[in-house]
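Structure file final20.csv; described as CSV, C-alpha atoms.
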```
chain,number,residue,atom,x,y,z
A,26,MET,CA,18.6,27.7,-59.3
A,27,ALA,CA,17.7,27.7,-55.5
A,28,GLY,CA,15.6,30.7,-54.6
A,29,SER,CA,14.8,31.5,-58.3
A,30,ILE,CA,11.0,31.2,-57.8
A,31,LEU,CA,11.2,33.7,-54.9
A,32,ASP,CA,13.7,35.9,-56.8
A,33,THR,CA,11.4,36.0,-59.8
A,34,LEU,CA,8.4,36.7,-57.6
A,35,MET,CA,10.1,39.5,-55.8
A,36,SER,CA,11.2,41.0,-59.1
A,37,THR,CA,7.5,41.5,-60.0
A,38,LEU,CA,6.9,43.3,-56.7
A,39,GLY,CA,8.8,46.4,-57.5
A,40,PRO,CA,8.1,50.0,-56.4
A,41,GLN,CA,4.7,49.8,-58.2
A,42,VAL,CA,3.6,47.4,-55.5
A,43,VAL,CA,5.8,48.2,-52.5
A,44,GLY,CA,5.1,52.0,-52.6
A,45,PRO,CA,1.3,51.9,-52.7
A,46,LEU,CA,1.2,49.1,-50.2
A,47,ALA,CA,3.5,50.9,-47.8
A,48,SER,CA,1.2,54.0,-48.0
A,49,ARG,CA,-1.9,51.9,-47.4
A,50,LEU,CA,-0.4,50.1,-44.4
A,51,GLY,CA,1.3,53.1,-43.0
A,52,ALA,CA,4.7,51.4,-42.9
A,53,SER,CA,8.1,52.2,-44.5
A,54,PRO,CA,8.8,50.8,-47.9
A,55,ASP,CA,11.8,48.9,-46.5
A,56,VAL,CA,9.8,47.2,-43.9
A,57,VAL,CA,7.0,46.3,-46.3
A,58,GLN,CA,9.7,44.9,-48.7
A,59,ARG,CA,11.0,42.7,-46.0
A,60,GLY,CA,7.5,41.6,-45.1
A,61,LEU,CA,6.7,40.7,-48.7
A,62,GLN,CA,9.9,38.7,-49.0
A,63,THR,CA,9.5,36.9,-45.6
A,64,GLY,CA,5.8,36.2,-46.2
A,65,SER,CA,6.4,34.9,-49.7
A,66,ALA,CA,9.3,32.7,-48.6
A,67,ALA,CA,7.2,31.3,-45.8
A,68,MET,CA,4.4,30.3,-48.2
A,69,LEU,CA,6.8,28.7,-50.7
A,70,ALA,CA,8.7,26.9,-47.9
A,71,GLY,CA,5.4,25.7,-46.4
A,72,LEU,CA,4.4,24.3,-49.8
A,73,ALA,CA,7.8,22.5,-50.1
A,74,ALA,CA,7.5,21.1,-46.6
A,75,LYS,CA,4.1,19.5,-47.3
A,76,ALA,CA,4.8,18.5,-50.9
A,77,ASP,CA,5.1,14.8,-50.1
A,78,GLN,CA,1.8,14.6,-48.2
A,79,PRO,CA,-0.6,12.4,-50.2
A,80,GLY,CA,-2.9,14.6,-52.3
A,81,PHE,CA,-1.6,17.9,-51.0
A,82,MET,CA,0.1,19.1,-54.2
A,83,SER,CA,-2.7,18.0,-56.4
A,84,GLN,CA,-5.1,20.2,-54.3
A,85,ILE,CA,-2.7,23.1,-54.5
A,86,PHE,CA,-2.3,22.6,-58.2
A,87,GLY,CA,-6.0,22.6,-58.7
A,88,LEU,CA,-6.2,25.8,-56.6
A,89,ILE,CA,-3.6,27.7,-58.6
A,90,ASN,CA,-5.3,26.6,-61.8
A,91,ASN,CA,-8.7,27.9,-60.7
A,92,PRO,CA,-10.4,29.9,-63.5
A,93,ALA,CA,-10.3,33.0,-61.2
A,94,ASN,CA,-6.5,32.7,-61.0
A,95,THR,CA,-5.6,34.1,-64.4
A,96,SER,CA,-2.8,36.3,-65.5
A,97,GLY,CA,-5.3,39.1,-66.0
A,98,ALA,CA,-6.5,38.7,-62.4
A,99,LEU,CA,-2.9,38.8,-61.1
A,100,SER,CA,-2.1,41.9,-63.2
A,101,SER,CA,-5.3,43.6,-61.8
A,102,LEU,CA,-4.3,42.6,-58.3
A,103,VAL,CA,-0.9,44.1,-58.7
A,104,SER,CA,-2.2,47.3,-60.2
A,105,ASN,CA,-4.8,47.8,-57.5
A,106,ILE,CA,-2.8,46.7,-54.5
A,107,GLY,CA,-2.7,50.1,-53.0
A,108,SER,CA,-6.5,50.2,-52.7
A,109,GLY,CA,-6.6,46.7,-51.2
A,110,THR,CA,-8.8,45.3,-54.0
A,111,GLN,CA,-8.1,41.6,-54.5
A,112,GLY,CA,-10.8,40.5,-56.8
A,113,GLY,CA,-11.4,36.8,-57.3
A,114,LEU,CA,-7.9,36.0,-55.9
A,115,GLY,CA,-8.7,37.3,-52.4
A,116,GLU,CA,-10.8,34.4,-51.2
A,117,LEU,CA,-8.6,31.9,-52.9
A,118,GLY,CA,-5.6,33.5,-51.1
A,119,GLY,CA,-7.2,32.9,-47.7
A,120,LYS,CA,-7.9,29.3,-48.6
A,121,PHE,CA,-4.3,29.0,-49.9
A,122,MET,CA,-2.9,30.1,-46.5
A,123,SER,CA,-5.2,27.7,-44.6
A,124,MET,CA,-4.1,24.8,-46.7
A,125,ILE,CA,-0.4,25.5,-46.1
A,126,PHE,CA,-0.5,26.5,-42.5
A,127,GLY,CA,-3.7,25.1,-41.1
A,128,SER,CA,-4.5,26.5,-37.6
A,129,ASN,CA,-1.0,28.1,-37.4
A,130,VAL,CA,-1.9,31.0,-39.8
A,131,SER,CA,-1.8,33.5,-37.0
A,132,GLY,CA,1.5,32.0,-35.6
A,133,VAL,CA,3.2,32.3,-39.0
A,134,THR,CA,1.8,35.9,-39.4
A,135,ASP,CA,3.2,36.8,-35.9
A,136,ALA,CA,6.6,35.4,-36.9
A,137,VAL,CA,6.6,37.3,-40.1
A,138,ALA,CA,5.8,40.5,-38.2
A,139,LYS,CA,8.7,40.0,-35.8
A,140,THR,CA,11.1,39.2,-38.6
A,141,SER,CA,10.2,42.1,-40.8
A,142,GLY,CA,9.5,44.7,-38.1
A,143,LEU,CA,5.8,45.1,-38.9
A,144,ALA,CA,3.1,45.6,-36.2
A,145,GLY,CA,0.9,42.5,-35.7
A,146,GLY,CA,-2.2,44.0,-37.3
A,147,THR,CA,-0.3,45.4,-40.2
A,148,ALA,CA,1.4,42.0,-40.8
A,149,SER,CA,-2.0,40.4,-40.9
A,150,SER,CA,-3.1,42.8,-43.6
A,151,LEU,CA,0.1,42.3,-45.5
A,152,MET,CA,-0.2,38.5,-45.5
A,153,ALA,CA,-3.8,38.9,-46.8
A,154,MET,CA,-2.2,40.6,-49.8
A,155,VAL,CA,0.8,38.3,-50.1
A,156,ALA,CA,-1.3,35.1,-50.3
A,157,PRO,CA,-3.1,36.0,-53.5
A,158,LEU,CA,0.1,37.5,-55.0
A,159,VAL,CA,2.0,34.2,-54.4
A,160,LEU,CA,-1.0,32.2,-55.6
A,161,GLY,CA,-1.4,34.2,-58.8
A,162,PHE,CA,2.4,34.2,-59.5
A,163,LEU,CA,2.5,30.4,-59.1
A,164,GLY,CA,-0.4,30.1,-61.5
A,165,ASN,CA,1.4,32.1,-64.1
A,166,HIS,CA,4.7,30.3,-63.4
A,167,VAL,CA,3.0,26.9,-64.0
A,168,ARG,CA,1.3,28.0,-67.2
A,169,GLU,CA,4.3,29.8,-68.7
A,170,ASN,CA,6.6,26.8,-68.1
A,171,GLY,CA,4.1,24.1,-69.0
A,172,MET,CA,4.5,22.5,-65.5
A,173,SER,CA,2.6,19.6,-64.1
A,174,ALA,CA,1.9,19.1,-60.4
A,175,GLY,CA,4.9,16.8,-60.2
A,176,ASP,CA,7.1,19.5,-61.9
A,177,LEU,CA,6.0,22.1,-59.4
A,178,THR,CA,6.6,19.8,-56.5
A,179,SER,CA,10.2,19.0,-57.6
A,180,SER,CA,10.9,22.6,-58.2
A,181,LEU,CA,9.7,23.7,-54.8
A,182,LYS,CA,11.6,20.9,-53.0
A,183,ALA,CA,14.8,21.7,-54.9
A,184,GLN,CA,14.6,25.3,-53.8
A,185,ALA,CA,13.6,24.7,-50.2
A,186,ALA,CA,17.2,25.1,-48.9
A,187,GLY,CA,17.6,28.4,-50.6
A,188,LEU,CA,14.6,29.8,-48.8
A,189,GLN,CA,15.9,29.2,-45.3
A,190,GLN,CA,17.7,32.5,-45.1
A,191,TYR,CA,14.5,34.4,-45.5
A,192,LEU,CA,12.3,32.4,-43.1
A,193,PRO,CA,11.1,33.5,-39.6
A,194,ALA,CA,12.8,32.0,-36.6
A,195,GLY,CA,11.1,28.7,-35.6
A,196,PHE,CA,9.3,28.3,-38.9
A,197,ARG,CA,9.6,24.5,-39.0
A,198,SER,CA,7.8,24.2,-35.6
A,199,LEU,CA,5.0,26.4,-37.0
A,200,LEU,CA,4.4,23.8,-39.7
A,201,GLY,CA,4.3,21.1,-37.0
A,202,ALA,CA,7.3,19.4,-38.6
A,203,ALA,CA,8.8,16.7,-36.5
A,204,PRO,CA,12.6,16.6,-36.0
A,205,SER,CA,14.6,14.2,-38.1
A,206,VAL,CA,15.9,11.2,-36.1
A,207,PRO,CA,19.7,11.0,-36.5
A,208,PRO,CA,21.0,7.8,-37.9
A,209,VAL,CA,22.1,5.2,-35.4
A,210,ALA,CA,25.3,3.3,-36.1
A,211,ALA,CA,24.6,-0.3,-37.0
A,212,ALA,CA,25.7,-2.8,-34.4
A,213,VAL,CA,28.2,-5.6,-35.4
A,214,VAL,CA,26.8,-8.9,-34.4
A,215,PRO,CA,28.5,-12.3,-34.9
A,216,GLU,CA,26.9,-14.2,-37.7
A,217,ALA,CA,25.9,-17.2,-35.5
A,218,LYS,CA,23.9,-14.9,-33.2
A,219,ARG,CA,22.4,-12.6,-35.7
A,220,ASN,CA,19.2,-14.5,-36.3
A,221,TRP,CA,17.9,-14.4,-32.8
A,222,LEU,CA,19.5,-11.1,-31.7
A,223,TRP,CA,18.3,-9.0,-34.7
A,224,PRO,CA,14.7,-8.6,-33.6
A,225,LEU,CA,15.8,-7.5,-30.1
A,226,LEU,CA,18.4,-5.1,-31.6
A,227,LEU,CA,15.8,-3.6,-34.0
A,228,LEU,CA,13.3,-3.2,-31.1
A,229,GLY,CA,16.0,-1.5,-29.0
A,230,LEU,CA,16.9,0.9,-31.8
A,231,LEU,CA,13.2,1.8,-32.3
A,232,LEU,CA,12.8,2.4,-28.6
A,233,ILE,CA,15.9,4.7,-28.5
A,234,ALA,CA,14.6,6.6,-31.5
A,235,ALA,CA,11.1,7.0,-30.0
A,236,LEU,CA,12.5,8.2,-26.7
A,237,TRP,CA,14.7,10.7,-28.4
A,238,TRP,CA,11.8,12.0,-30.5
A,239,PHE,CA,9.5,12.2,-27.5
A,240,ASN,CA,12.0,14.2,-25.5
A,241,ARG,CA,12.3,16.6,-28.4
A,242,ALA,CA,8.7,16.7,-29.4
A,243,LYS,CA,6.8,16.5,-26.1
A,244,ALA,CA,7.0,20.3,-25.6
A,245,PRO,CA,6.5,21.8,-29.1
A,246,GLU,CA,6.9,25.4,-29.6
A,247,VAL,CA,3.4,27.1,-29.5
A,248,PRO,CA,3.0,30.4,-31.2
A,249,ALA,CA,2.7,33.1,-28.6
A,250,VAL,CA,-0.4,34.5,-30.4
A,251,ALA,CA,-2.3,31.2,-29.7
A,252,ASN,CA,-1.8,31.5,-25.9
A,253,LEU,CA,-3.1,27.9,-25.3
A,254,PHE,CA,-4.1,26.7,-21.9
A,255,LYS,CA,-6.0,23.7,-20.5
A,256,LEU,CA,-9.7,24.2,-20.0
A,257,ASN,CA,-11.1,21.8,-17.4
A,258,LEU,CA,-14.7,20.7,-17.8
A,259,PRO,CA,-16.9,19.4,-14.9
A,260,ASP,CA,-17.1,15.9,-16.4
A,261,GLY,CA,-13.3,15.6,-16.2
A,262,THR,CA,-12.6,16.4,-19.9
A,263,VAL,CA,-9.6,18.7,-20.5
A,264,LEU,CA,-9.4,20.8,-23.6
A,265,ASN,CA,-6.3,22.4,-24.9
A,266,VAL,CA,-7.6,25.7,-26.3
A,267,PRO,CA,-6.7,29.4,-27.0
A,268,GLU,CA,-7.4,31.5,-23.9
A,269,ASN,CA,-9.4,34.0,-26.0
A,270,GLY,CA,-11.1,31.4,-28.2
A,271,ILE,CA,-14.8,30.6,-28.4
A,272,GLU,CA,-14.4,27.5,-26.1
A,273,ASN,CA,-13.2,29.5,-23.1
A,274,GLN,CA,-15.6,32.4,-23.7
A,275,LEU,CA,-18.5,30.0,-23.9
A,276,VAL,CA,-17.6,28.2,-20.7
A,277,LYS,CA,-17.2,31.5,-18.8
A,278,PHE,CA,-20.6,32.6,-20.0
A,279,ILE,CA,-22.2,29.3,-19.0
A,280,THR,CA,-20.7,29.2,-15.5
A,281,ASP,CA,-21.3,32.9,-14.7
A,282,SER,CA,-24.6,33.1,-12.9
A,283,SER,CA,-24.6,36.9,-13.2
A,284,ARG,CA,-24.8,36.7,-17.0
A,285,PRO,CA,-28.3,35.7,-18.0
A,286,VAL,CA,-29.3,34.3,-21.4
A,287,ASP,CA,-30.1,37.0,-23.9
A,288,ASP,CA,-30.6,37.6,-27.6
A,289,THR,CA,-27.4,39.6,-28.2
A,290,THR,CA,-24.5,37.6,-26.7
A,291,TRP,CA,-22.9,35.7,-29.6
A,292,PHE,CA,-19.6,33.9,-29.7
A,293,ASN,CA,-17.7,33.7,-33.0
A,294,PHE,CA,-16.1,30.4,-34.0
A,295,ASP,CA,-12.4,31.2,-34.7
A,296,ARG,CA,-11.1,28.0,-36.3
A,297,LEU,CA,-13.7,26.9,-38.8
A,298,LEU,CA,-12.8,26.6,-42.5
A,299,PHE,CA,-15.2,26.0,-45.4
A,300,ASP,CA,-14.5,25.1,-49.0
A,301,THR,CA,-14.8,28.3,-51.1
A,302,GLY,CA,-18.4,29.2,-51.9
A,303,SER,CA,-19.8,26.1,-50.3
A,304,ALA,CA,-21.0,24.7,-46.9
A,305,THR,CA,-18.5,21.9,-46.9
A,306,LEU,CA,-16.4,22.0,-43.7
A,307,GLN,CA,-12.7,21.4,-44.1
A,308,PRO,CA,-11.0,18.7,-41.9
A,309,ALA,CA,-9.1,21.4,-40.0
A,310,SER,CA,-12.4,22.5,-38.5
A,311,GLN,CA,-13.0,19.2,-36.7
A,312,GLU,CA,-11.0,20.0,-33.6
A,313,GLN,CA,-13.1,23.1,-32.6
A,314,LEU,CA,-16.3,21.3,-33.5
A,315,ASN,CA,-15.3,18.4,-31.2
A,316,ASN,CA,-14.5,21.0,-28.4
A,317,ILE,CA,-17.9,22.6,-28.6
A,318,ALA,CA,-19.5,19.1,-28.5
A,319,ALA,CA,-17.4,18.3,-25.4
A,320,ILE,CA,-18.6,21.5,-23.7
A,321,LEU,CA,-22.2,20.7,-24.4
A,322,LYS,CA,-21.8,17.2,-23.0
A,323,ALA,CA,-20.2,18.6,-19.9
A,324,TYR,CA,-23.1,21.1,-19.5
A,325,PRO,CA,-26.2,19.0,-20.4
A,326,ASN,CA,-28.7,21.8,-19.7
A,327,VAL,CA,-27.2,24.1,-22.2
A,328,HIS,CA,-29.0,24.8,-25.5
A,329,VAL,CA,-27.5,26.8,-28.3
A,330,LYS,CA,-28.3,28.5,-31.6
A,331,ILE,CA,-25.8,28.6,-34.5
A,332,GLY,CA,-25.9,31.6,-36.8
A,333,GLY,CA,-24.3,31.9,-40.3
A,334,TYR,CA,-23.3,35.3,-41.8
A,335,THR,CA,-21.7,36.5,-45.0
A,336,ASP,CA,-20.2,39.7,-46.4
A,337,ASN,CA,-22.2,41.8,-48.9
A,338,VAL,CA,-20.4,40.7,-52.0
A,339,GLY,CA,-22.6,39.1,-54.7
A,340,ASP,CA,-26.3,38.2,-54.7
A,341,ALA,CA,-28.0,38.8,-51.4
A,342,ALA,CA,-30.3,35.8,-51.8
A,343,ALA,CA,-27.4,33.5,-52.6
A,344,ASN,CA,-25.5,34.8,-49.6
A,345,LEU,CA,-28.5,34.1,-47.4
A,346,ASN,CA,-28.8,30.5,-48.7
A,347,LEU,CA,-25.0,30.0,-48.2
A,348,SER,CA,-25.2,31.3,-44.6
A,349,LYS,CA,-28.1,28.9,-43.8
A,350,ALA,CA,-26.3,26.0,-45.3
A,351,ARG,CA,-23.1,26.7,-43.4
A,352,ALA,CA,-24.9,27.1,-40.1
A,353,GLN,CA,-26.7,23.8,-40.7
A,354,SER,CA,-23.4,22.1,-41.6
A,355,VAL,CA,-21.9,23.2,-38.3
A,356,MET,CA,-25.0,22.0,-36.4
A,357,ASN,CA,-24.9,18.6,-38.2
A,358,ALA,CA,-21.2,18.2,-37.3
A,359,ILE,CA,-22.0,18.9,-33.6
A,360,VAL,CA,-24.9,16.4,-33.7
A,361,ALA,CA,-22.5,13.8,-35.3
A,362,ALA,CA,-20.2,14.4,-32.3
A,363,GLY,CA,-22.9,13.1,-30.0
A,364,ILE,CA,-25.2,16.0,-29.1
A,365,ASP,CA,-29.0,15.7,-29.2
A,366,PRO,CA,-30.3,17.8,-32.0
A,367,SER,CA,-33.1,19.1,-29.8
A,368,ARG,CA,-30.5,21.2,-28.0
A,369,LEU,CA,-29.4,22.9,-31.2
A,370,GLU,CA,-30.9,25.2,-33.8
A,371,ALA,CA,-29.3,26.8,-36.9
A,372,GLN,CA,-30.2,30.0,-38.8
A,373,GLY,CA,-28.6,31.9,-41.7
A,374,TYR,CA,-28.6,35.7,-41.6
A,375,GLY,CA,-26.8,36.4,-44.9
A,376,GLU,CA,-25.5,40.0,-45.1
A,377,ASP,CA,-27.4,41.2,-42.0
A,378,HIS,CA,-25.7,42.1,-38.8
A,379,PRO,CA,-22.1,43.0,-40.1
A,380,VAL,CA,-19.5,43.4,-37.4
A,381,ALA,CA,-17.0,45.2,-39.6
A,382,ASP,CA,-16.7,47.5,-42.7
A,383,ASN,CA,-17.6,45.6,-45.9
A,384,SER,CA,-15.6,48.0,-48.0
A,385,THR,CA,-12.2,46.5,-46.9
A,386,PRO,CA,-11.0,42.9,-47.4
A,387,GLU,CA,-10.3,42.6,-43.6
A,388,GLY,CA,-13.8,43.8,-42.8
A,389,ARG,CA,-15.4,41.4,-45.3
A,390,ALA,CA,-13.4,38.5,-43.8
A,391,GLN,CA,-14.7,39.3,-40.3
A,392,ASN,CA,-18.3,39.4,-41.6
A,393,ARG,CA,-18.0,35.9,-43.1
A,394,ARG,CA,-18.4,34.1,-39.9
A,395,ILE,CA,-20.3,31.4,-37.9
A,396,ALA,CA,-21.4,32.4,-34.4
A,397,LEU,CA,-23.0,30.7,-31.4
A,398,ARG,CA,-25.6,32.0,-28.9
A,399,VAL,CA,-26.6,30.2,-25.7
A,400,THR,CA,-30.4,30.0,-25.5
A,401,ALA,CA,-30.7,28.0,-22.2
A,402,LYS,CA,-28.3,27.2,-19.5
```
Please rewrite the model in this file as structure tokens.
Amino acid sequence: MAGSILDTLMSTLGPQVVGPLASRLGASPDVVQRGLQTGSAAMLAGLAAKADQPGFMSQIFGLINNPANTSGALSSLVSNIGSGTQGGLGELGGKFMSMIFGSNVSGVTDAVAKTSGLAGGTASSLMAMVAPLVLGFLGNHVRENGMSAGDLTSSLKAQAAGLQQYLPAGFRSLLGAAPSVPPVAAAVVPEAKRNWLWPLLLLGLLLIAALWWFNRAKAPEVPAVANLFKLNLPDGTVLNVPENGIENQLVKFITDSSRPVDDTTWFNFDRLLFDTGSATLQPASQEQLNNIAAILKAYPNVHVKIGGYTDNVGDAAANLNLSKARAQSVMNAIVAAGIDPSRLEAQGYGEDHPVADNSTPEGRAQNRRIALRVTAK
């Protein structure tokens, strides 16, 4: 039945979840309930929208069958939700959202906030809890029903229409979904002329459809939170970047003669994604890496240092090694984009130099970062 996955999920998130979570977030239970429902529906609908992309559902299926995603882990998450403890599902939840929404995670979160009545920061905290809840629920749902990846795909697509009533306004645009081209009535052509007119007719229809799509798609809805603008570089390159992103901050620093190079001015990458527990960069990271390479090409005298950092969870030596490997991966990607390696250096700092409280999931997420410092300009 349409909406049954969402209905079943919401039935597991009763007062034992909503009450403690509302207390932790400082919001009313009704608002938190709406946020849970809207956020869950957004994730399920996002899965359904991408279900036909080659390899996508097999990756999702592998994620929800991760050994850390067990029924015991989900039960523990539900019972400890008031304290914010997410266990092994926490990091998986973050990866789960990135796979569904890509670089639009913040835009979806903002839309959920507006729909449910949550403040922006509170909505971000809520979504950080919703992701592992949905992930864990789907893991149980698949196991209990003996479902394959194809079964889950069919189920999500069949229920997509029933999720529409719960979704934030403009949700399809946040997924980057292209509008459907309406069918064009077939022209009636005399049989004798059909052979030589058909290629022209087909070309004309394709041009009409392309023009229609272009007029609809040339000005896509950009989430307000992204605040994109065109950053003009001195070599004529134009980058479309967030106003508060690392690209704009870096160029401002480079071009401001009153700000000398020092050892303390670092700029955090804000759109890099790694595979969980590894130094493998995900494809969604490439845009920002290319942007940094473009900036370095436009300012050939600039040299930079890349720093890798982790939270304090797990073995300190392993964290240090992971931070080194991730910093080196970023450097290698920038070199691959055309930058002389002599202008770059990479170092891992592990758990050192935290920028937030490691006792909270949000703080640990901020501490797991890659940053960049200008060493010459």
**Contacts of region 134-148 of chain A at 8 Å (only C-alpha atoms; same-chain gap of 6+ positions) as a list in words** =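 So, after excluding close chain neighbours, the residues are Leu50, Ala52, Val56, Val57, Arg59, Gly60, Thr63, Gly64, Pro193, Ala194, Phe196, Pro248 and Val250 of chain A.
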Neighbouring residues of region 282-293 of chain A were defined as those with any atom within 7 Å, considering only C-alpha atoms; residues of the same chain fewer than 2 positions away were excluded. Please report them as a ChimeraX atom specification. /A:271,278,280,295,394-401
- Query: So what do you get for CA of Asn337 (chain A) versus CA of Glu376 (chain A), distance-wise?
  - Reply: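 Between CA of Asn337 (chain A) and CA of Glu376 (chain A) the gap is 5.3 Å.
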Between CA of Gln189 (chain A) and CA of Leu177 (chain A) lies a distance of 18.6 Å
re CA of Ala371 (chain A) and CA of Met356 (chain A): distance 6.5 Å
Exercise: residues within 12 Å of coordinate (-2.1, 25.6, -19.5), counting only C-alpha atoms, as a VMD selection string: chain A and resid 247 251 to 257 263 to 268
*Dump as a list in words all residues having an atom at most 10 Å from (-7.2, 24.7, -34.9), computed in the file's coordinates with all atoms listed in the file.*
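Residues with an atom at most 10 Å from (-7.2, 24.7, -34.9): Gly127, Ser128, Asn129, Val130, Ala251, Val266, Pro267, Asp295, Arg296, Leu297, Leu298, Pro308, Ala309, Ser310, Gln311, Glu312, Gln313 and Leu314 of chain A.
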Check your understanding: Counting all atoms listed in the file, which of A:Asn326, A:Thr301, A:Thr335, A:Ser53 gets nearest to Leu88 (chain A)?
Key ->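 The closest residue to Leu88 (chain A) is A:Thr301.
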Residue with smallest distance to Leu31 (chain A) - pool A:Ala67, A:Ser354, A:Gln391, A:Pro54, counting only C-alpha atoms:
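The answer is A:Ala67, which sits nearest to Leu31 (chain A).
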Which residues, written as a list in words, have at least one atom at most 8 Å from Ile364 (chain A), with all atoms listed in the file counted and residues fewer than 4 positions away on the same chain left out? Ala318, Leu321, Lys322, Ile359, Val360 and Arg368 of chain A
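Neighbours of Ile279 (chain A) closer than or equal to 8 Å, with all atoms listed in the file counted and sequence neighbours fewer than 3 positions away skipped, come out as A:Leu275, A:Val276, A:Ser282, A:Val327, A:Lys402.
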Residue with the minimum atom-to-atom distance to Lys75 (chain A), picked from A:Met35, A:Leu345, A:Ala47, A:Ile125 with all atoms listed in the file counted, is A:Ile125
Closest of A:Gln307, A:Ser198, A:Ser180, A:Gln353 to Leu69 (chain A), counting all atoms listed in the file, is A:Ser180
